[in-house]
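Okay, start.tsv is below, TSV, C-alpha atoms:
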chain	number	residue	atom	x	y	z
D	10	MET	CA	-22.46	3.23	24.46
D	11	ARG	CA	-24.31	-0.10	24.37
D	12	GLU	CA	-21.42	-1.69	22.46
D	13	LEU	CA	-19.01	-0.23	25.01
D	14	TRP	CA	-20.83	-1.86	27.94
D	15	GLY	CA	-21.13	-5.07	25.93
D	16	ARG	CA	-17.33	-5.29	25.64
D	17	LEU	CA	-16.85	-4.16	29.25
D	18	TRP	CA	-18.23	-7.36	30.84
D	19	PRO	CA	-15.74	-9.77	29.11
D	20	ASN	CA	-12.85	-7.56	30.27
D	21	VAL	CA	-14.18	-7.69	33.87
D	22	LEU	CA	-14.44	-11.48	33.67
D	23	SER	CA	-10.89	-11.73	32.36
D	24	LEU	CA	-9.69	-9.59	35.28
D	25	LEU	CA	-11.45	-11.64	37.97
D	26	GLY	CA	-10.64	-14.95	36.33
D	27	THR	CA	-13.83	-16.74	37.42
D	28	THR	CA	-17.37	-17.41	36.25
D	29	THR	CA	-20.35	-15.06	36.45
D	30	PHE	CA	-22.04	-17.32	38.99
D	31	SER	CA	-19.12	-17.20	41.43
D	32	ILE	CA	-18.90	-13.40	41.06
D	33	LEU	CA	-22.56	-13.00	41.97
D	34	LEU	CA	-22.26	-15.53	44.79
D	35	PHE	CA	-19.32	-13.94	46.60
D	36	SER	CA	-19.99	-10.26	45.90
D	37	ILE	CA	-23.80	-10.16	46.31
D	38	GLY	CA	-24.77	-13.41	47.95
D	39	LEU	CA	-22.25	-13.16	50.77
D	40	PRO	CA	-23.59	-9.86	52.24
D	41	ILE	CA	-27.15	-11.20	51.99
D	42	ALA	CA	-26.14	-14.41	53.75
D	43	ILE	CA	-24.45	-12.45	56.56
D	44	PHE	CA	-27.52	-10.23	56.89
D	45	LEU	CA	-29.81	-13.26	57.22
D	46	VAL	CA	-27.52	-14.94	59.74
D	47	THR	CA	-27.37	-11.77	61.86
D	48	LEU	CA	-31.14	-11.40	61.72
D	49	ALA	CA	-31.68	-15.02	62.78
D	50	TRP	CA	-29.26	-14.63	65.65
D	51	ASP	CA	-31.09	-11.55	66.97
D	52	VAL	CA	-34.47	-13.29	66.77
D	53	TYR	CA	-33.09	-16.34	68.56
D	54	ARG	CA	-31.56	-14.20	71.27
D	55	GLN	CA	-34.79	-12.21	71.89
D	56	ARG	CA	-36.88	-15.38	71.78
D	57	LYS	CA	-39.47	-13.60	69.65
D	58	LEU	CA	-40.86	-14.72	66.29
D	59	GLU	CA	-42.01	-11.22	65.40
D	60	ILE	CA	-39.42	-9.25	63.49
D	61	ALA	CA	-39.55	-5.56	64.21
D	62	VAL	CA	-38.25	-2.80	61.99
D	63	SER	CA	-35.54	-2.03	64.50
D	64	THR	CA	-34.37	-5.65	64.37
D	65	LEU	CA	-34.14	-5.56	60.56
D	66	ALA	CA	-32.27	-2.26	60.65
D	67	LYS	CA	-29.92	-3.58	63.32
D	68	ALA	CA	-29.17	-6.70	61.28
D	69	PHE	CA	-28.68	-4.72	58.10
D	70	LEU	CA	-26.43	-2.18	59.79
D	71	SER	CA	-24.37	-4.78	61.58
D	72	PRO	CA	-20.59	-4.46	61.15
D	73	GLN	CA	-20.38	-7.80	59.37
D	74	THR	CA	-22.94	-6.79	56.72
D	75	ILE	CA	-21.49	-3.31	56.23
D	76	ILE	CA	-17.90	-4.59	55.90
D	77	THR	CA	-18.72	-7.32	53.37
D	78	LEU	CA	-21.02	-5.03	51.42
D	79	SER	CA	-18.37	-2.30	51.36
D	80	LEU	CA	-15.71	-4.74	50.19
D	81	ALA	CA	-18.04	-5.97	47.45
D	82	VAL	CA	-18.78	-2.42	46.31
D	83	ILE	CA	-15.07	-1.54	46.31
D	84	ALA	CA	-14.18	-4.72	44.38
D	85	TRP	CA	-16.92	-4.08	41.83
D	86	GLY	CA	-15.82	-0.46	41.47
D	87	ILE	CA	-12.21	-1.50	40.82
D	88	ALA	CA	-13.22	-4.24	38.36
D	89	LEU	CA	-15.63	-2.02	36.43
D	90	SER	CA	-13.13	0.87	36.33
D	91	TRP	CA	-10.35	-1.40	35.06
D	92	GLY	CA	-12.65	-3.00	32.49
D	93	PHE	CA	-13.84	0.42	31.32
D	94	LEU	CA	-10.29	1.71	30.92
D	95	LYS	CA	-9.20	-1.43	29.09
D	96	THR	CA	-12.19	-1.25	26.73
D	97	VAL	CA	-11.51	2.41	25.96
D	98	HIS	CA	-7.82	1.57	25.34
D	99	GLN	CA	-8.77	-1.24	22.95
D	100	ASP	CA	-11.12	1.09	21.08
D	101	ASN	CA	-8.37	3.68	20.77
D	102	ASP	CA	-5.96	1.06	19.39
D	103	LYS	CA	-8.60	-0.08	16.92
D	104	LEU	CA	-9.32	3.50	15.81
D	105	ARG	CA	-5.58	4.14	15.44
D	106	SER	CA	-5.18	0.97	13.33
D	107	ILE	CA	-8.14	1.97	11.14
D	108	ALA	CA	-6.66	5.43	10.64
D	109	LEU	CA	-3.28	3.97	9.62
D	110	LEU	CA	-4.97	1.51	7.25
D	111	LYS	CA	-6.97	4.31	5.63
D	112	ALA	CA	-3.78	6.32	5.18
D	113	GLU	CA	-2.03	3.35	3.53
D	114	ILE	CA	-5.02	2.76	1.24
D	115	ALA	CA	-5.01	6.43	0.24
D	116	GLN	CA	-1.27	6.24	-0.47
D	117	VAL	CA	-1.70	3.13	-2.62
D	118	LYS	CA	-4.54	4.82	-4.55
D	119	ASP	CA	-2.36	7.88	-5.17
D	120	THR	CA	0.47	5.65	-6.42
D	121	ASN	CA	-1.87	3.73	-8.73
D	122	ASN	CA	-3.32	6.96	-10.11
D	123	SER	CA	0.18	8.26	-10.78
D	124	LEU	CA	1.12	5.08	-12.64
D	125	ILE	CA	-2.11	5.16	-14.66
D	126	ASN	CA	-1.51	8.80	-15.62
D	127	ALA	CA	2.10	8.05	-16.57
D	128	LEU	CA	1.05	5.10	-18.73
D	129	SER	CA	-1.72	7.08	-20.41
D	130	GLU	CA	0.75	9.82	-21.35
D	131	ARG	CA	3.22	7.43	-22.95
D	132	PRO	CA	3.01	7.02	-26.75
D	133	LYS	CA	1.42	3.83	-27.88
D	134	GLU	CA	3.80	1.17	-29.11
D	135	THR	CA	2.98	-1.45	-31.69
D	136	LEU	CA	4.42	-4.86	-31.03
D	137	LYS	CA	5.67	-6.62	-34.12
D	138	SER	CA	5.84	-10.37	-34.23
D	139	VAL	CA	9.09	-11.73	-35.56
D	140	VAL	CA	8.99	-15.08	-37.32
D	141	VAL	CA	12.24	-16.94	-36.89
D	142	PRO	CA	12.89	-19.08	-39.93
D	143	GLU	CA	13.44	-22.74	-39.21
D	144	VAL	CA	16.96	-23.91	-39.80
D	145	LYS	CA	17.11	-26.66	-42.41
D	146	LYS	CA	18.66	-29.72	-40.85
D	147	CYS	CA	18.97	-33.46	-41.41
D	148	TRP	CA	19.64	-36.22	-38.89
D	149	VAL	CA	21.20	-39.63	-39.54
D	150	ASN	CA	20.90	-42.59	-37.18
D	151	SER	CA	22.61	-45.94	-37.57
D	152	THR	CA	21.74	-49.31	-36.05
D	153	PHE	CA	22.07	-53.00	-36.90
D	154	GLY	CA	19.93	-56.11	-37.32
D	155	TYR	CA	19.90	-59.50	-39.01
D	156	GLY	CA	18.43	-60.57	-42.35
D	157	THR	CA	18.80	-63.05	-45.26
D	158	PRO	CA	20.26	-61.48	-48.42
D	159	LEU	CA	19.82	-64.72	-50.45
D	160	VAL	CA	17.38	-67.55	-50.01
D	161	SER	CA	20.19	-70.14	-49.98
D	162	GLU	CA	22.26	-68.29	-47.40
D	163	LYS	CA	22.10	-67.91	-43.66
D	164	SER	CA	21.14	-64.63	-42.12
D	165	ARG	CA	23.76	-61.90	-41.98
D	166	MET	CA	24.16	-58.78	-39.90
D	167	GLN	CA	22.58	-55.70	-41.43
D	168	ARG	CA	23.56	-52.07	-41.12
D	169	ILE	CA	20.43	-49.89	-41.13
D	170	VAL	CA	20.80	-46.15	-41.72
D	171	VAL	CA	17.79	-43.82	-41.16
D	172	PHE	CA	17.67	-40.32	-42.70
D	173	HIS	CA	15.30	-37.63	-41.36
D	174	CYS	CA	15.12	-34.03	-42.63
D	175	ASN	CA	12.91	-31.19	-41.36
D	176	TYR	CA	12.48	-29.71	-44.87
D	177	ARG	CA	11.25	-30.90	-48.26
D	178	ILE	CA	13.80	-32.34	-50.68
D	179	GLU	CA	12.77	-31.99	-54.30
D	180	ALA	CA	13.22	-34.88	-56.71
D	181	PRO	CA	15.48	-36.00	-58.15
D	182	PHE	CA	17.60	-36.50	-55.04
D	183	GLU	CA	20.54	-38.72	-54.15
D	184	VAL	CA	21.52	-40.61	-51.02
D	185	VAL	CA	25.21	-41.27	-50.35
D	186	ALA	CA	26.60	-43.39	-47.51
D	187	GLU	CA	30.20	-44.41	-46.80
D	188	PHE	CA	31.23	-47.24	-44.46
D	189	ASP	CA	34.49	-48.26	-42.80
D	190	GLY	CA	34.56	-51.68	-44.43
D	191	ASP	CA	33.30	-53.72	-47.33
D	192	PHE	CA	29.63	-54.71	-47.57
D	193	ASP	CA	27.35	-56.69	-49.85
D	194	VAL	CA	24.51	-55.53	-52.03
D	195	PRO	CA	22.35	-58.63	-52.59
D	196	GLN	CA	21.04	-59.40	-56.05
D	197	ASN	CA	17.88	-61.02	-54.74
D	198	PRO	CA	15.02	-58.56	-55.53
D	199	ALA	CA	13.00	-59.92	-52.59
D	200	ALA	CA	15.75	-59.10	-50.11
D	201	MET	CA	15.33	-56.02	-47.95
D	202	TRP	CA	18.21	-53.82	-48.98
D	203	GLY	CA	19.01	-50.48	-50.57
D	204	LEU	CA	16.79	-47.46	-50.10
D	205	ASN	CA	13.26	-47.63	-48.78
D	206	LEU	CA	10.80	-44.72	-48.59
D	207	PRO	CA	8.00	-45.80	-46.18
D	208	GLY	CA	5.83	-42.78	-47.06
D	209	ALA	CA	5.83	-43.40	-50.84
D	210	SER	CA	3.77	-46.11	-52.52
D	211	VAL	CA	5.64	-45.95	-55.86
D	212	VAL	CA	9.29	-44.98	-56.23
D	213	SER	CA	11.11	-44.43	-59.49
D	214	GLY	CA	14.88	-44.71	-59.33
D	215	GLY	CA	17.55	-43.44	-61.61
D	216	GLY	CA	20.36	-45.74	-60.53
D	217	ARG	CA	21.89	-47.67	-57.65
D	218	GLU	CA	25.59	-48.44	-57.42
D	219	LYS	CA	28.34	-49.56	-55.03
D	220	ARG	CA	31.71	-47.87	-55.30
D	221	GLY	CA	34.06	-49.74	-52.99
D	222	ARG	CA	32.94	-48.75	-49.50
D	223	GLU	CA	30.46	-46.16	-50.75
D	224	PHE	CA	26.81	-46.65	-51.62
D	225	ARG	CA	24.86	-44.32	-53.92
D	226	GLU	CA	21.28	-44.33	-55.09
D	227	ARG	CA	19.29	-41.75	-57.03
D	228	ILE	CA	15.54	-41.29	-56.65
D	229	ASP	CA	13.76	-39.60	-59.57
D	230	GLY	CA	10.39	-39.41	-57.85
D	231	PRO	CA	8.51	-38.62	-55.79
D	232	SER	CA	9.97	-35.72	-53.82
D	233	LEU	CA	10.70	-36.34	-50.14
D	234	PRO	CA	8.27	-34.40	-47.86
D	235	ALA	CA	9.52	-32.74	-44.68
D	236	ASN	CA	9.93	-35.01	-41.65
D	237	GLU	CA	9.65	-38.17	-43.75
D	238	HIS	CA	12.16	-41.00	-43.31
D	239	VAL	CA	14.51	-42.66	-45.76
D	240	ILE	CA	15.88	-46.06	-44.73
D	241	LEU	CA	19.10	-47.56	-46.19
D	242	THR	CA	19.93	-51.25	-45.56
D	243	ILE	CA	23.20	-53.00	-46.45
D	244	TYR	CA	24.62	-56.41	-45.39
D	245	ALA	CA	27.89	-57.60	-43.95
D	246	ALA	CA	30.31	-58.84	-46.59
D	247	ALA	CA	30.47	-62.59	-47.21
D	248	GLY	CA	32.53	-64.29	-44.54
D	249	LYS	CA	32.27	-61.31	-42.17
D	250	GLU	CA	30.36	-61.53	-38.91
D	251	ALA	CA	29.78	-57.82	-38.36
D	252	ALA	CA	28.42	-55.21	-40.71
D	253	PRO	CA	30.65	-52.16	-41.29
D	254	GLN	CA	30.17	-48.95	-39.30
D	255	LEU	CA	28.81	-45.83	-40.93
D	256	VAL	CA	31.46	-43.16	-41.61
D	257	ARG	CA	29.42	-40.43	-43.30
D	258	ALA	CA	26.07	-40.01	-44.99
D	259	ASN	CA	24.34	-37.35	-47.08
D	260	ILE	CA	21.02	-36.73	-48.81
D	261	HIS	CA	20.60	-33.87	-51.32
D	262	SER	CA	18.72	-32.78	-54.41
D	263	VAL	CA	20.35	-33.37	-57.81
D	264	LYS	CA	20.09	-30.52	-60.32

Go through the file and emit its structure as structure tokens.
Amino acid sequence: MRELWGRLWPNVLSLLGTTTFSILLFSIGLPIAIFLVTLAWDVYRQRKLEIAVSTLAKAFLSPQTIITLSLAVIAWGIALSWGFLKTVHQDNDKLRSIALLKAEIAQVKDTNNSLINALSERPKETLKSVVVPEVKKCWVNSTFGYGTPLVSEKSRMQRIVVFHCNYRIEAPFEVVAEFDGDFDVPQNPAAMWGLNLPGASVVSGGGREKRGREFRERIDGPSLPANEHVILTIYAAAGKEAAPQLVRANIHSVK
């Protein structure tokens, strides 16, 4: 009941649309002010400073005081009744919302329990991990640069071919590359040409040869680890400005 009256006052204020001070002033203060004015007028008219009981009763029961007091009582009765009804209506809405929420919660709990029971009754399944084997693959990239095949010559264009495989290639293995034009294989041992294995400190070869537009070289050891690079470098033929383009290339083990 205390909470009900506590919510009743804000509803009354919202109905009247004014402050608590103005409500008290016009509904309570106005009848008191009229009573005092009526009493002062009677005293002035009788020319007596003594206030008798009959004078007080006459001032209190004057039409002005009774009318304003009655209007104030009626206004307060209407405001309090409207506020009470609105508060009760709000409480009913709140109780209805709580009841609906409890029903939804109960329904969700029943659904969850049904799912849990259904899952518990299902036979247990064992998930097996499947290992997908990696597909063996090699990539070949071709680019160009400039270098000096012989000390006495000017620099020539180079064709640089890079091999990259995602699997291990056992030694001995062979690298074959074919180009669309002639090329030079310098005889200067210091020149950067032929095969180069950056990941190997010592390389033993079984033969390097040039067959027209094709280059072949055999590596007897070591084996080529996975994801290691093999670099092939050839030079443009004498008198040619551009190095030939790569047509095909292959790297494979030799049995």

Name the closest residue to Arg168 of chain D among the candidates D:Ser213, D:Ser262, D:Thr152, D:Ser138; distances are taken between atoms, counting only C-alpha atoms.
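Checking each candidate against Arg168 of chain D, we get D:Thr152 as the closest.
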
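For the set D:Ile260, D:Leu110, D:Ala84, D:Val97, the residue with the smallest atom-to-atom gap to Ala186 of chain D is D:Ile260, counting all atoms listed in the file.
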
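Atom CA of Lys249 of chain D sits 14.6 Å away from atom CA of Arg222 of chain D.
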
Which of these residues is nearest to Cys147 of chain D, using only C-alpha atoms: D:His238, D:Lys219, D:Arg225, D:Lys118?
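Counting only C-alpha atoms, the residue closest to Cys147 of chain D is D:His238.
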
In Å, how far is it from atom CA of His173 of chain D to atom CA of Pro253 of chain D?
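For atom CA of His173 of chain D relative to atom CA of Pro253 of chain D, the distance reads 21.1 Å.
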
Atom pair atom CA of Phe192 of chain D / atom CA of Ala246 of chain D: separation (Å)
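Straight-line distance from atom CA of Phe192 of chain D to atom CA of Ala246 of chain D works out to 4.3 Å.
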
Which residue, D:Gly216, D:Glu179, D:Val211, D:Met166, has the smallest gap to Gly248 of chain D when you use only C-alpha atoms?
D:Met166

Which residue gives the smallest distance to Phe224 of chain D among D:Val170, D:Ala251, D:Ala112, D:Ala209, with all atoms listed in the file counted?
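Result for the nearest residue to Phe224 of chain D: D:Val170.
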